[in-house]
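Chemist: Sharing a structure, written as structure tokens. Questions coming.
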Amino acid sequence: MNKGTLTNVQMATVVALRVVIGWHFLYEGLSKLTAEAWSAKGFLLQSRGPFAELFRWMAADPERLEIVNQLNMWGLTLIGLGLILGCFTRLASAAGMLVILLFYLCNPPFVGYFYSIPTEGSYLIVNKNLVELAALAVILLTGSGRVAGLDRIIHGLLGKRGRPAEA
């Protein structure tokens, strides 16, 4: 195997990872969009850690909270669609990493932080958010949307537009 290239099996695995993570984002976004009264307020108010005041500030004003809610619901949905379809995969991966990082920083799994919101298991620094963020970094760096996704078509069209005509 040449340095910098993946085998077909390795790339198929990255594509499968991209689709599974995309499904997770899409499901979370759609479940929030279709919930009657979903709000990030409770999650933000539970914030602990170095950025707690920022997250509580987001929840403090109803207009600001509505913007956060809309960004959350639609962001998760669009990131999920982008990952599943392999459309603007790198942008979707980077946006997903930002969202997951914000979730992680809002309620980090550090010793001494206790939350009234139920959590899965007991973690020390590394939780599912950090694992998903690392997986998104792999997707970002591999360009799997160009192998199996709409990025292949998009890059093909854009590549032809920018090239001079051959003689």
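Quick note on naming: the chains in the structure tokens go A, B, ... in the order shown, residues restart at 1 in each chain, and ligands are numbered from 1 in order of appearance.
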I'd like the neighbourhood of A:Arg152 as a PyMOL selection string, where a residue qualifies if any of its atoms comes within 12 Å (using only C-alpha atoms), though same-chain residues fewer than 3 positions away should be ignored.
Modeler: chain A and resi 85-89+143-149+155-159
Chemist: When you look at A:Ile67 with a cut-off of 12 Å (counting only C-alpha atoms), what residues show up, excluding the ones that are within fewer than 6 positions of it in the same chain? I need them as a list in words.
Modeler: Ser39, Ala40, Lys41, Met58, Ala59, Asp61, Met73, Trp74 and Gly75 of chain A
Chemist: To one decimal place, how far is atom CA of A:Trp57 from atom CA of A:Asn107 in Å?
Modeler: 14.7 Å
Chemist: My list of candidates is A:Leu78, A:Ala16, A:Met11, A:Met97. Which is closest to A:Val131 when distances are computed with only C-alpha atoms?
Modeler: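 Using only C-alpha atoms, A:Val131 sits closest to A:Met97.
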Chemist: Which residues, written as a PDB file with C-alpha atoms, in the first residue's frame, have at least one atom at most 7 Å from A:Ser47, with only C-alpha atoms counted and residues fewer than 5 positions away on the same chain left out?
Modeler:
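New file selection.pdb:
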ATOM      1  CA  ALA A  52     -20.192  26.992  31.771  1.00  0.00           C
ATOM      2  CA  PHE A  55     -23.510  28.037  27.824  1.00  0.00           C
ATOM      3  CA  ARG A  56     -25.693  29.424  30.605  1.00  0.00           C
ATOM      4  CA  CYS A 106     -20.851  22.041  27.747  1.00  0.00           C
ATOM      5  CA  ASN A 107     -20.932  18.942  29.928  1.00  0.00           C
TER       6      ASN A 107
END
Chemist: Give me, please, the distance in Å between atom CA of A:Leu71 and atom CA of A:Asn127, quoted to one decimal.
Modeler: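 Separating atom CA of A:Leu71 from atom CA of A:Asn127 is a distance of 23.3 Å.
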Chemist: Mind checking which residues fall within 8 Å of A:Leu26, counting only C-alpha atoms, ignoring those fewer than 3 positions away in the same chain, and posting them as a list in words?
Modeler: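 Non-adjacent residues within range: Gly22, Trp23, Gly29, Leu30, Leu76, Thr77, Leu78, Ile79, Gly80 and Leu81 of chain A.
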Chemist: Do you know which residues are at most 7 Å from A:Val14 counting only C-alpha atoms, after dropping those on the same chain fewer than 4 positions away, and could you put them as a PyMOL selection string?
Modeler: chain A and resi 10+18+139+144
Chemist: So how many Å separate atom CA of A:Leu33 and atom CA of A:Leu17, to one decimal?
Modeler: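 Those two atoms sit 24.2 Å apart.
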Chemist: Write down as number ranges by chain the residues belonging to stretch 12-164 of chain A that are assigned helix (DSSP H, G or I) by DSSP computed on the backbone.
Modeler: A: 12-34, 41-45, 52-60, 62-85, 89-106, 128-142, 144-147, 150-162
